[in-house]
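Shown here: structure.txt, compact mmCIF, C-alpha atoms.
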# COMPACT_ATOMS: atom_id res chain seq x y z
CA MET A 273 10.72 -22.28 12.89
CA ALA A 274 13.03 -25.24 12.96
CA SER A 275 14.95 -27.53 10.68
CA ASN A 276 16.00 -31.01 11.73
CA ALA A 277 18.82 -32.63 9.81
CA ALA A 278 17.09 -35.96 9.90
CA ARG A 279 14.36 -37.94 11.51
CA THR A 280 14.22 -41.68 11.12
CA HIS A 281 12.66 -44.63 12.78
CA LEU A 282 15.80 -44.99 14.87
CA ILE A 283 15.40 -41.65 16.61
CA ARG A 284 11.85 -40.51 15.97
CA ASN A 285 10.38 -41.54 19.33
CA LEU A 286 13.20 -39.82 21.21
CA GLN A 287 11.96 -36.45 20.00
CA SER A 288 8.77 -35.06 21.49
CA ARG A 289 7.02 -31.84 22.33
CA ASN A 290 4.69 -31.35 25.28
CA TYR A 291 1.96 -28.75 25.52
CA THR A 292 0.75 -27.22 28.76
CA ALA A 293 -2.91 -27.37 27.79
CA CYS A 294 -4.62 -30.28 26.09
CA ALA A 295 -8.20 -31.20 25.39
CA ALA A 296 -9.64 -34.38 26.83
CA ARG A 297 -8.35 -37.38 24.93
CA SER A 298 -10.64 -39.64 22.99
CA ILE A 299 -9.39 -43.16 23.60
CA VAL A 300 -10.22 -46.11 21.37
CA GLY A 301 -8.49 -49.37 22.20
CA GLY A 302 -5.87 -47.55 24.30
CA ALA A 303 -4.98 -44.99 21.59
CA TYR A 304 -6.42 -41.96 19.84
CA ASN A 305 -9.18 -42.57 17.36
CA GLN A 306 -6.93 -43.15 14.38
CA ASN A 307 -9.41 -43.07 11.51
CA VAL A 308 -7.49 -41.91 8.44
CA HIS A 309 -9.28 -41.09 5.22
CA ILE A 310 -6.93 -41.38 2.23
CA GLU A 311 -7.82 -40.01 -1.19
CA THR A 312 -5.92 -39.19 -4.37
CA LEU A 313 -6.90 -35.74 -5.63
CA ARG A 314 -7.35 -34.77 -9.27
CA ASN A 315 -3.84 -33.33 -9.42
CA ASN A 316 -2.43 -36.71 -8.17
CA VAL A 317 -1.56 -35.38 -4.72
CA VAL A 318 -2.43 -37.97 -2.05
CA CYS A 319 -4.49 -36.49 0.79
CA ALA A 320 -4.75 -38.19 4.21
CA ALA A 321 -7.06 -36.69 6.84
CA LEU A 322 -6.51 -37.78 10.45
CA GLU A 323 -8.99 -37.14 13.24
CA SER A 324 -7.67 -35.54 16.43
CA PRO A 325 -9.25 -34.36 19.71
CA LEU A 326 -6.35 -31.98 20.41
CA PRO A 327 -6.54 -28.17 20.16
CA ILE A 328 -3.29 -28.23 18.19
CA SER A 329 -3.75 -28.90 14.47
CA ARG A 330 -1.01 -30.01 12.11
CA VAL A 331 -0.58 -30.24 8.36
CA ALA A 332 2.40 -31.99 6.78
CA VAL A 333 3.50 -32.00 3.16
CA VAL A 334 5.64 -35.06 2.47
CA VAL A 335 7.68 -35.14 -0.74
CA LYS A 336 9.64 -38.14 -2.02
CA ALA A 337 12.82 -36.09 -2.33
CA GLY A 338 15.05 -37.42 0.44
CA SER A 339 18.81 -37.79 0.26
CA ARG A 340 18.62 -40.98 -1.83
CA TYR A 341 17.57 -38.74 -4.76
CA ASP A 342 20.48 -36.31 -4.44
CA PRO A 343 22.65 -36.12 -7.59
CA THR A 344 25.83 -38.15 -7.18
CA ASP A 345 27.91 -35.07 -7.94
CA VAL A 346 26.07 -32.91 -5.36
CA PRO A 347 26.17 -34.87 -2.07
CA GLY A 348 24.26 -33.22 0.75
CA LEU A 349 21.92 -31.23 -1.51
CA SER A 350 18.83 -32.31 0.44
CA HIS A 351 20.43 -31.03 3.67
CA VAL A 352 20.85 -27.55 2.17
CA LEU A 353 17.31 -27.78 0.80
CA ARG A 354 15.91 -28.56 4.26
CA ALA A 355 17.90 -25.78 5.84
CA SER A 356 16.59 -23.32 3.24
CA ALA A 357 12.96 -23.70 4.34
CA GLY A 358 11.65 -20.37 5.56
CA LEU A 359 13.86 -18.25 3.32
CA THR A 360 12.25 -15.79 0.93
CA THR A 361 9.82 -17.36 -1.51
CA LYS A 362 8.11 -16.01 -4.62
CA GLY A 363 5.10 -15.24 -2.42
CA ALA A 364 6.57 -13.88 0.82
CA SER A 365 9.82 -12.63 2.30
CA THR A 366 11.62 -14.34 5.15
CA PHE A 367 10.49 -11.51 7.43
CA ALA A 368 6.84 -11.91 6.36
CA ILE A 369 6.90 -15.68 6.89
CA ILE A 370 8.43 -15.44 10.37
CA ARG A 371 6.36 -12.46 11.48
CA ASN A 372 3.01 -13.88 10.36
CA LEU A 373 3.63 -17.37 11.74
CA GLN A 374 4.76 -15.94 15.08
CA GLN A 375 1.72 -13.67 15.22
CA MET A 376 -0.46 -16.76 14.79
CA GLY A 377 1.56 -18.77 17.31
CA ALA A 378 2.35 -21.29 14.58
CA ASN A 379 5.44 -23.45 14.26
CA LEU A 380 7.05 -24.56 10.99
CA GLN A 381 9.60 -27.34 10.90
CA VAL A 382 11.27 -29.40 8.22
CA THR A 383 12.57 -32.92 8.70
CA GLY A 384 14.30 -35.23 6.30
CA SER A 385 15.05 -38.88 5.84
CA ARG A 386 16.65 -40.87 3.05
CA ASP A 387 13.24 -41.30 1.43
CA THR A 388 11.37 -38.05 2.03
CA ILE A 389 11.42 -34.41 3.06
CA THR A 390 8.53 -33.38 5.32
CA TYR A 391 7.31 -29.80 5.86
CA THR A 392 5.05 -29.56 8.91
CA ILE A 393 3.12 -26.61 10.25
CA GLU A 394 1.26 -26.67 13.55
CA ALA A 395 -1.04 -24.09 15.10
CA THR A 396 -4.15 -23.85 17.20
CA SER A 397 -7.23 -25.07 15.39
CA ASP A 398 -8.56 -21.56 14.74
CA LYS A 399 -5.28 -20.44 13.09
CA ILE A 400 -4.27 -23.46 11.05
CA ASP A 401 -6.19 -22.46 7.89
CA ALA A 402 -4.51 -19.03 7.81
CA SER A 403 -1.07 -20.58 8.27
CA LEU A 404 -1.47 -22.90 5.28
CA LYS A 405 -0.71 -20.06 2.84
CA PHE A 406 2.82 -19.89 4.18
CA LEU A 407 3.22 -23.67 4.11
CA ASN A 408 2.25 -23.58 0.43
CA ASP A 409 4.80 -20.82 -0.21
CA VAL A 410 7.61 -22.67 1.58
CA VAL A 411 6.99 -25.93 -0.29
CA THR A 412 6.08 -24.79 -3.82
CA LEU A 413 7.37 -21.23 -4.31
CA GLN A 414 10.96 -21.49 -3.12
CA ALA A 415 13.21 -18.77 -4.58
CA PHE A 416 16.67 -19.56 -3.16
CA LYS A 417 18.01 -16.00 -3.22
CA PRO A 418 21.83 -16.24 -3.53
CA TRP A 419 22.54 -13.78 -0.70
CA GLU A 420 20.17 -15.61 1.65
CA LEU A 421 21.83 -18.93 0.88
CA THR A 422 25.16 -17.35 1.76
CA GLU A 423 23.78 -15.95 5.01
CA ASN A 424 22.41 -19.41 5.82
CA ILE A 425 25.81 -21.12 5.71
CA PRO A 426 26.74 -20.48 9.39
CA ARG A 427 23.49 -22.08 10.56
CA ILE A 428 24.12 -25.20 8.47
CA LYS A 429 27.65 -25.41 9.86
CA TYR A 430 26.21 -25.13 13.36
CA GLU A 431 23.85 -28.04 12.63
CA LEU A 432 26.80 -30.09 11.40
CA ALA A 433 28.89 -29.26 14.46
CA SER A 434 26.00 -30.37 16.69
CA LEU A 435 25.65 -33.81 15.13
CA PRO A 436 26.33 -36.65 17.59
CA ALA A 437 28.98 -39.19 16.67
CA GLU A 438 26.32 -41.92 16.55
CA ALA A 439 24.46 -40.10 13.75
CA ARG A 440 27.70 -39.74 11.79
CA ALA A 441 28.52 -43.44 12.23
CA LEU A 442 25.08 -44.47 10.96
CA ASP A 443 25.49 -42.17 7.97
CA LEU A 444 28.84 -43.80 7.16
CA LEU A 445 27.24 -47.21 7.63
CA HIS A 446 24.68 -46.43 4.92
CA LYS A 447 27.46 -45.32 2.60
CA ALA A 448 29.27 -48.61 3.18
CA ALA A 449 26.08 -50.62 2.72
CA TYR A 450 24.61 -49.03 -0.41
CA ARG A 451 27.29 -46.78 -1.98
CA LYS A 452 24.66 -44.61 -3.74
CA GLY A 453 20.89 -44.06 -3.39
CA LEU A 454 20.23 -45.00 0.22
CA GLY A 455 23.98 -44.63 0.70
CA ASN A 456 23.85 -40.90 -0.09
CA THR A 457 24.76 -38.81 2.92
CA LEU A 458 22.11 -36.99 4.93
CA TYR A 459 24.58 -34.21 5.74
CA VAL A 460 26.40 -31.82 3.47
CA LYS A 461 30.15 -31.40 3.97
CA PRO A 462 31.02 -27.91 5.29
CA HIS A 463 33.31 -27.08 2.35
CA ARG A 464 30.58 -27.97 -0.17
CA ILE A 465 27.76 -25.80 1.23
CA SER A 466 28.66 -22.70 -0.76
CA SER A 467 28.85 -24.70 -4.02
CA ILE A 468 25.16 -25.67 -3.81
CA GLY A 469 23.55 -22.57 -5.23
CA THR A 470 20.27 -21.24 -6.56
CA GLU A 471 20.31 -22.98 -9.94
CA THR A 472 21.21 -26.39 -8.49
CA LEU A 473 18.52 -26.24 -5.81
CA GLN A 474 15.84 -24.94 -8.18
CA HIS A 475 16.58 -27.64 -10.75
CA HIS A 476 16.28 -30.34 -8.07
CA VAL A 477 12.98 -28.93 -6.78
CA ASN A 478 11.56 -28.68 -10.31
CA GLN A 479 12.52 -32.30 -10.93
CA PHE A 480 11.32 -33.94 -7.70
CA PHE A 481 8.69 -31.66 -6.15
CA THR A 482 5.88 -32.95 -8.34
CA SER A 483 2.26 -33.70 -7.52
CA SER A 484 2.59 -37.47 -7.96
CA ARG A 485 5.43 -37.54 -5.41
CA THR A 486 3.58 -35.50 -2.79
CA THR A 487 1.35 -36.48 0.12
CA VAL A 488 -0.59 -34.00 2.25
CA ILE A 489 -1.52 -35.12 5.77
CA GLY A 490 -3.79 -33.20 8.12
CA GLN A 491 -4.47 -33.74 11.81
CA GLY A 492 -7.29 -31.82 13.43
CA VAL A 493 -8.12 -30.13 10.12
CA SER A 494 -11.40 -30.50 8.29
CA GLU A 495 -11.19 -32.85 5.34
CA GLY A 496 -12.60 -30.17 3.06
CA SER A 497 -9.92 -27.65 4.02
CA LEU A 498 -7.18 -30.25 3.61
CA LYS A 499 -8.37 -31.31 0.14
CA LYS A 500 -8.64 -27.67 -0.90
CA PHE A 501 -5.08 -27.03 0.27
CA GLY A 502 -3.78 -30.13 -1.51
CA SER A 503 -5.53 -29.32 -4.76
CA GLU A 504 -4.11 -25.77 -4.75
CA LEU A 505 -0.47 -26.76 -4.28
CA GLU A 506 1.48 -25.28 -7.19
CA LEU A 507 3.33 -28.43 -8.19
CA ALA A 508 4.36 -29.71 -11.59
CA GLY A 509 2.81 -32.89 -12.92
CA GLY A 510 4.63 -36.07 -13.83
CA SER A 511 7.24 -37.99 -11.88
CA ALA A 512 10.99 -37.65 -11.77
CA ALA A 513 13.32 -40.38 -12.88
CA GLY A 514 15.59 -41.90 -10.29
CA ASP A 515 13.29 -44.17 -8.28
CA ASP A 516 15.74 -47.04 -8.54
CA ALA A 517 15.45 -49.91 -6.08
CA ALA A 518 18.00 -49.97 -3.28
CA LYS A 519 20.95 -52.26 -3.94
CA TYR A 520 22.76 -53.56 -0.88
CA GLN A 521 26.47 -54.20 -1.38
CA GLY A 522 28.18 -54.19 2.03
CA GLY A 523 31.59 -52.84 2.97
CA VAL A 524 33.51 -50.73 5.46
CA VAL A 525 33.79 -46.94 5.80
CA HIS A 526 35.82 -45.27 8.58
CA LYS A 527 36.08 -41.56 9.30
CA ASP A 528 38.89 -40.33 11.54
CA ALA A 529 38.07 -37.64 14.09
CA PRO A 530 40.04 -36.58 17.20
CA THR A 531 37.32 -37.52 19.69
CA GLY A 532 39.16 -40.05 21.85
CA ASN A 533 36.25 -42.43 21.27
CA LEU A 534 35.15 -44.56 18.39
CA VAL A 535 31.54 -45.25 17.45
CA THR A 536 31.17 -48.43 15.41
CA ALA A 537 28.01 -49.57 13.64
CA VAL A 538 27.79 -53.13 12.29
CA ALA A 539 24.78 -54.18 10.22
CA VAL A 540 23.33 -56.42 7.53
CA GLU A 541 20.48 -55.75 5.15
CA SER A 542 17.19 -56.37 6.95
CA ALA A 543 13.73 -55.45 5.66
CA GLY A 544 12.08 -52.33 4.32
CA LEU A 545 8.75 -50.89 5.38
CA GLN A 546 6.96 -52.89 2.69
CA SER A 547 8.30 -56.24 3.89
CA ASP A 548 6.44 -58.71 6.10
CA GLN A 549 9.73 -59.34 7.94
CA ALA A 550 10.05 -55.77 9.18
CA LEU A 551 8.42 -56.43 12.56
CA ALA A 552 10.56 -59.51 13.23
CA PHE A 553 13.69 -57.32 12.99
CA SER A 554 12.04 -54.71 15.23
CA VAL A 555 11.34 -57.36 17.87
CA LEU A 556 14.93 -58.61 17.56
CA ALA A 557 16.26 -55.08 18.17
CA TYR A 558 14.20 -54.83 21.35
CA ALA A 559 15.26 -58.32 22.41
CA LEU A 560 18.97 -57.49 22.15
CA GLY A 561 18.32 -54.09 23.69
CA GLY A 562 21.06 -51.92 25.09
CA GLN A 563 18.79 -49.03 26.07
CA SER A 564 16.76 -49.23 29.26
CA SER A 565 13.41 -47.66 30.04
CA ILE A 566 14.36 -47.69 33.73
CA VAL A 567 16.34 -44.68 34.93
CA HIS A 568 19.90 -45.36 36.16
CA SER A 569 19.68 -48.90 34.86
CA SER A 570 21.40 -50.61 31.94
CA GLY A 571 18.44 -52.99 31.74
CA GLN A 572 18.25 -56.76 31.63
CA THR A 573 18.79 -57.12 27.91
CA PRO A 574 21.79 -59.08 26.59
CA LEU A 575 23.63 -55.97 25.37
CA GLY A 576 22.68 -54.00 28.48
CA LYS A 577 24.11 -56.63 30.82
CA ALA A 578 27.24 -57.10 28.72
CA PHE A 579 28.45 -53.53 29.34
CA ASP A 580 26.86 -52.73 32.68
CA LEU A 581 28.52 -49.82 34.53
CA LYS A 582 31.39 -49.54 32.04
CA PRO A 583 32.46 -46.57 29.86
CA ILE A 584 31.15 -48.53 26.88
CA GLY A 585 27.67 -48.45 25.42
CA ALA A 586 26.03 -50.76 22.90
CA CYS A 587 22.54 -51.14 21.53
CA ALA A 588 20.74 -52.78 18.64
CA PHE A 589 18.95 -50.77 15.95
CA ASN A 590 16.65 -51.36 13.02
CA ALA A 591 16.73 -48.59 10.40
CA GLN A 592 13.89 -49.11 7.92
CA HIS A 593 13.48 -47.38 4.58
CA ALA A 594 10.92 -47.76 1.83
CA ASP A 595 12.46 -50.77 0.09
CA SER A 596 15.33 -51.87 2.29
CA GLY A 597 16.68 -51.59 5.80
CA LEU A 598 19.69 -52.11 8.02
CA PHE A 599 19.69 -54.15 11.20
CA GLY A 600 22.65 -54.22 13.52
CA ILE A 601 24.41 -52.94 16.60
CA ILE A 602 26.12 -49.66 17.40
CA VAL A 603 28.92 -49.49 19.96
CA LYS A 604 30.62 -46.48 21.54
CA ALA A 605 33.87 -47.01 23.42
CA PRO A 606 37.24 -45.39 24.18
CA ALA A 607 39.40 -45.78 21.09
CA SER A 608 41.84 -48.14 22.81
CA HIS A 609 39.01 -50.58 23.61
CA ALA A 610 36.84 -49.99 20.56
CA LYS A 611 37.70 -53.10 18.57
CA ASP A 612 37.37 -55.48 21.53
CA ALA A 613 34.10 -53.83 22.59
CA ALA A 614 32.61 -54.12 19.11
CA LYS A 615 33.66 -57.78 18.82
CA LYS A 616 32.14 -58.55 22.22
CA ALA A 617 28.89 -56.77 21.34
CA TYR A 618 28.72 -58.73 18.08
CA GLU A 619 29.24 -62.02 19.96
CA VAL A 620 26.44 -61.12 22.35
CA ALA A 621 24.15 -60.05 19.51
CA THR A 622 24.67 -63.31 17.65
CA GLY A 623 24.14 -65.44 20.75
CA LYS A 624 21.08 -67.51 21.57
CA LEU A 625 17.98 -65.57 22.56
CA SER A 626 15.64 -67.03 25.14
CA ASP A 627 11.86 -67.11 24.84
CA ALA A 628 11.77 -64.73 27.82
CA ASP A 629 13.90 -62.20 25.89
CA ILE A 630 11.53 -62.40 22.92
CA ASP A 631 8.38 -62.08 25.06
CA ARG A 632 9.89 -59.07 26.86
CA ALA A 633 10.83 -57.48 23.55
CA LYS A 634 7.32 -57.90 22.12
CA ASN A 635 5.77 -56.36 25.24
CA GLN A 636 8.16 -53.40 25.16
CA LEU A 637 7.60 -52.83 21.46
CA LYS A 638 3.82 -52.92 21.86
CA SER A 639 4.05 -50.52 24.79
CA ASP A 640 6.15 -48.06 22.77
CA ILE A 641 3.77 -48.27 19.80
CA LEU A 642 0.76 -47.45 21.99
CA HIS A 643 2.67 -44.76 23.87
CA ALA A 644 3.64 -43.07 20.60
CA SER A 645 0.03 -43.18 19.42
CA GLN A 646 -0.94 -41.03 22.42
CA SER A 647 1.18 -38.15 21.05
CA GLY A 648 -0.30 -36.10 18.26
CA GLU A 649 3.15 -35.28 16.88
CA SER A 650 4.32 -38.90 16.88
CA LEU A 651 1.07 -40.08 15.33
CA LEU A 652 1.34 -37.57 12.48
CA ALA A 653 4.97 -38.62 11.91
CA GLU A 654 3.94 -42.27 11.69
CA VAL A 655 1.18 -41.51 9.17
CA ALA A 656 3.71 -39.41 7.21
CA THR A 657 6.03 -42.42 7.12
CA GLN A 658 3.48 -45.05 6.12
CA VAL A 659 1.11 -43.40 3.65
CA PRO A 660 3.66 -42.18 1.05
CA VAL A 661 5.32 -45.63 1.01
CA LEU A 662 2.49 -48.08 1.65
CA GLY A 663 -0.43 -46.08 0.31
CA THR A 664 -2.34 -46.93 3.49
CA TYR A 665 -2.05 -46.59 7.26
CA VAL A 666 -1.75 -49.37 9.81
CA THR A 667 -3.15 -48.13 13.12
CA ALA A 668 -1.46 -48.65 16.46
CA ASP A 669 -4.00 -51.29 17.47
CA GLN A 670 -3.46 -53.16 14.20
CA LEU A 671 0.29 -52.89 14.58
CA VAL A 672 0.16 -54.23 18.13
CA ASP A 673 -1.86 -57.18 16.85
CA LYS A 674 0.78 -57.82 14.19
CA VAL A 675 3.53 -57.72 16.82
CA SER A 676 1.64 -60.30 18.89
CA LYS A 677 1.66 -62.63 15.90
CA VAL A 678 5.44 -62.45 15.44
CA SER A 679 6.68 -65.89 16.45
CA ALA A 680 9.90 -66.89 18.16
CA ALA A 681 10.83 -68.65 14.92
CA ASP A 682 10.46 -65.35 13.03
CA VAL A 683 12.80 -63.62 15.46
CA HIS A 684 15.35 -66.45 15.37
CA SER A 685 15.25 -66.28 11.56
CA ALA A 686 16.02 -62.56 11.71
CA ALA A 687 18.84 -63.24 14.18
CA LYS A 688 20.29 -65.85 11.81
CA ALA A 689 20.18 -63.32 8.99
CA PHE A 690 22.27 -60.96 11.14
CA SER A 691 24.86 -63.57 12.05
CA SER A 692 25.24 -65.00 8.54
CA GLY A 693 24.44 -61.99 6.34
CA LYS A 694 26.88 -59.84 4.41
CA LYS A 695 28.19 -57.21 6.83
CA SER A 696 28.60 -53.46 6.57
CA ILE A 697 30.58 -51.35 9.04
CA GLY A 698 30.55 -47.61 9.58
CA ALA A 699 32.83 -46.03 12.19
CA TYR A 700 33.40 -42.45 13.33
CA GLY A 701 36.10 -41.27 15.72
CA ASP A 702 39.65 -42.33 16.45
CA ALA A 703 39.85 -45.15 13.93
CA SER A 704 43.33 -46.41 14.85
CA GLU A 705 41.69 -49.49 16.41
CA ALA A 706 38.83 -49.82 13.95
CA LEU A 707 36.89 -53.02 13.35
CA TYR A 708 36.93 -54.80 9.99
CA ILE A 709 34.63 -57.49 8.64
CA GLU A 710 37.34 -60.11 8.86
CA ASP A 711 37.59 -59.45 12.62
CA LEU A 712 34.07 -60.77 13.15
Spell out the structure here as structure tokens.
Amino acid sequence: MASNAARTHLIRNLQSRNYTACAARSIVGGAYNQNVHIETLRNNVVCAALESPLPISRVAVVVKAGSRYDPTDVPGLSHVLRASAGLTTKGASTFAIIRNLQQMGANLQVTGSRDTITYTIEATSDKIDASLKFLNDVVTLQAFKPWELTENIPRIKYELASLPAEARALDLLHKAAYRKGLGNTLYVKPHRISSIGTETLQHHVNQFFTSSRTTVIGQGVSEGSLKKFGSELELAGGSAAGDDAAKYQGGVVHKDAPTGNLVTAVAVESAGLQSDQALAFSVLAYALGGQSSIVHSSGQTPLGKAFDLKPIGACAFNAQHADSGLFGIIVKAPASHAKDAAKKAYEVATGKLSDADIDRAKNQLKSDILHASQSGESLLAEVATQVPVLGTYVTADQLVDKVSKVSAADVHSAAKAFSSGKKSIGAYGDASEALYIEDL
């Protein structure tokens, strides 16, 4: 059983699980057969059935209850909610959940983003139906026993202590960019954990865990079994208030920490998942680069070459959410060089891109899309991202075709938006030499 603090487009493909035994893969157009049947059930739960040739089956329950819906006076509530998955429910004790899932060889994990919370169970195909009872319990019958919440505090603090500085900087960047909603933190503050108790969590679940906000996705599960599971989820009807559109504002947020380094993220508002411009910003991120697919190499991207073999790292990112997004660069450097490094990275990122850079970026992006489609876990995660937001699924082959149609003019337009757009800055570390918007 596992709980991830967050999983977003920025880091999703860096996380993977490999299995020692796999069935023969069915390849269509270089990827798995990605036929997805989407249907809205009578209780308003959306059901998406995904074919899979693998012996590992997965079922995910995706709820629109990410951190953007946390009450303004209870920051970090969704983090505590994620970390509480697997505690005693109204249908089974913690011991019963763990024992039965382990006996079946099943794995339960919970991931969260600013838009959604996703509960995923995976097991061999002959055990997945039996494991769904416990997935139902974990999602719909949460009890939040006070003593278990107290016992869970050290584990949440361990998660917080394990967060990389880059994740903290991106979280601060969202706070600077949006203030509330998408600006709500993904991570609870250690001193606030104990104040988020049973009543607060139960009220939030009652408000946001409703059938119309829920999507059930199955991979390697019969469509009949998946629809039966979705129709039996014990969820309230209706929809919670609070689905306000994201409002980008821009600004600067610094957090001092005695690390000796400073991680600085600079961004502008880009495009959400529903926007036609989303892929242009993705291509731009690959064009600027900063991360190399070649071992022991900084790569031949503009940002990679700018800081080759130096104790400074910089890369471009494109964080996409349902209705908005942030595009920018993130720079890690010793505190004494942090401001100069961030300014240099910004100058490189706003420089002229060649056609060769754009062609390389499109090829790398298409390769990563197809590579991710070969992984059952990554494919399920992509369906779980698209269907709740778009109401449909764009296959890897279709996405590759869309990338091919992104023109150099589209990418240059995205680059111009970065250079001229209203900036936001989030920085974590020794902020004595922090960057401000007027420095750019």
Need the shell around Val525 in chain A: protein/DNA/RNA residues with any atom at most 7 Å away, counting all atoms listed in the file. Skip same-chain ones fewer than 4 positions apart. Format as an NGL selection string?
:A and (444-445 or 448 or 697-699)
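With all atoms listed in the file as the basis for measurement, A:Ala706 is the residue among A:Val661, A:Ala706, A:Leu651, A:Val493 that approaches Thr536 in chain A most closely.
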Would you kindly return, as an mmCIF file with C-alpha atoms, in the coordinates of the input, each protein, DNA or RNA residue with an atom no farther than 7 Å from any atom of Gly453 in chain A, considering all atoms listed in the file and excluding same-chain residues fewer than 6 positions away?
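Heads up, here's the output in around_28.cif:
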data_model
loop_
_atom_site.group_PDB
_atom_site.id
_atom_site.type_symbol
_atom_site.label_atom_id
_atom_site.label_comp_id
_atom_site.auth_asym_id
_atom_site.auth_seq_id
_atom_site.Cartn_x
_atom_site.Cartn_y
_atom_site.Cartn_z
ATOM 1 C CA ARG A 340 18.620 -40.980 -1.830
ATOM 2 C CA TYR A 341 17.570 -38.740 -4.760
ATOM 3 C CA ALA A 518 18.000 -49.970 -3.280
#
Which residue out of A:Lys362, A:Lys500, A:Lys447, A:Lys624 has the minimum interatomic distance to Lys688 in chain A when only C-alpha atoms are used?
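The answer is A:Lys624, which sits nearest to Lys688 in chain A.
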What's the 8 Å shell around Val352 in chain A, counting only C-alpha atoms, without same-chain residues fewer than 5 positions away, as a list of chain:residue names?
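Contacts, with the query itself left out: A:Ile428, A:Val460, A:Ile465, A:Ile468.
Nearest residue to Ala537 in chain A among A:Glu420, A:Asp673, A:Glu438, A:Glu619 is A:Glu438, counting all atoms listed in the file.
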Taken to one decimal, the CA of Ala644 in chain A-CA of Cys319 in chain A distance is 22.4 Å
Give me the residues near Glu471 in chain A as a list in words, where near means some atom within 12 Å (using all atoms listed in the file) and where sequence neighbours in that chain fewer than 2 positions away do not count.
Leu349, Gln414, Ala415, Phe416, Lys417, Pro418, Leu421, Ser467, Ile468, Gly469, Leu473, Gln474, His475, His476, Val477 and Asn478 of chain A
With C-alpha atoms kept, could you save the residues just selected as an mmCIF file, keeping the file's coordinate frame?
data_model
loop_
_atom_site.group_PDB
_atom_site.id
_atom_site.type_symbol
_atom_site.label_atom_id
_atom_site.label_comp_id
_atom_site.auth_asym_id
_atom_site.auth_seq_id
_atom_site.Cartn_x
_atom_site.Cartn_y
_atom_site.Cartn_z
ATOM 1 C CA LEU A 349 21.920 -31.230 -1.510
ATOM 2 C CA GLN A 414 10.960 -21.490 -3.120
ATOM 3 C CA ALA A 415 13.210 -18.770 -4.580
ATOM 4 C CA PHE A 416 16.670 -19.560 -3.160
ATOM 5 C CA LYS A 417 18.010 -16.000 -3.220
ATOM 6 C CA PRO A 418 21.830 -16.240 -3.530
ATOM 7 C CA LEU A 421 21.830 -18.930 0.880
ATOM 8 C CA SER A 467 28.850 -24.700 -4.020
ATOM 9 C CA ILE A 468 25.160 -25.670 -3.810
ATOM 10 C CA GLY A 469 23.550 -22.570 -5.230
ATOM 11 C CA LEU A 473 18.520 -26.240 -5.810
ATOM 12 C CA GLN A 474 15.840 -24.940 -8.180
ATOM 13 C CA HIS A 475 16.580 -27.640 -10.750
ATOM 14 C CA HIS A 476 16.280 -30.340 -8.070
ATOM 15 C CA VAL A 477 12.980 -28.930 -6.780
ATOM 16 C CA ASN A 478 11.560 -28.680 -10.310
#
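Straight-line separation from CA of Leu534 in chain A to CA of Leu625 in chain A: 27.5 Å.
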Would you please work out which residue, of A:Gly585, A:Gly377, A:Gly358, A:Gly509, is nearest to Leu413 in chain A when using all atoms listed in the file?
A:Gly358
Shortest contact to Asp711 in chain A, candidates A:Leu560, A:Val524, A:Ala552, A:Ala605, atoms counted all atoms listed in the file, goes to A:Val524
Which is closest to Gly544 in chain A among A:Gln636, A:Ser397, A:Gln658, A:Ser650, if we use all atoms listed in the file?
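Checking each of A:Gln636, A:Ser397, A:Gln658, A:Ser650 against Gly544 in chain A, counting all atoms listed in the file, the winner is A:Gln658.
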Just the number, please: distance in Å from CA of Arg330 in chain A to CA of Thr366 in chain A, one decimal.
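Computed distance, CA of Arg330 in chain A to CA of Thr366 in chain A, equals 21.3 Å.
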With 12 Å as the threshold, what does the neighbourhood of (3.9, -61.4, 16.8) contain in terms of residues, counting only C-alpha atoms? Coordinates are those of the file; answer as a PyMOL selection string.
chain A and resi 548-556+630-635+637-638+670-683
Neighbouring residues of Lys519 in chain A were defined as those with any atom within 9 Å, considering all atoms listed in the file; residues of the same chain fewer than 5 positions away were excluded. Please report them as a PyMOL selection string.
chain A and resi 449-454+596
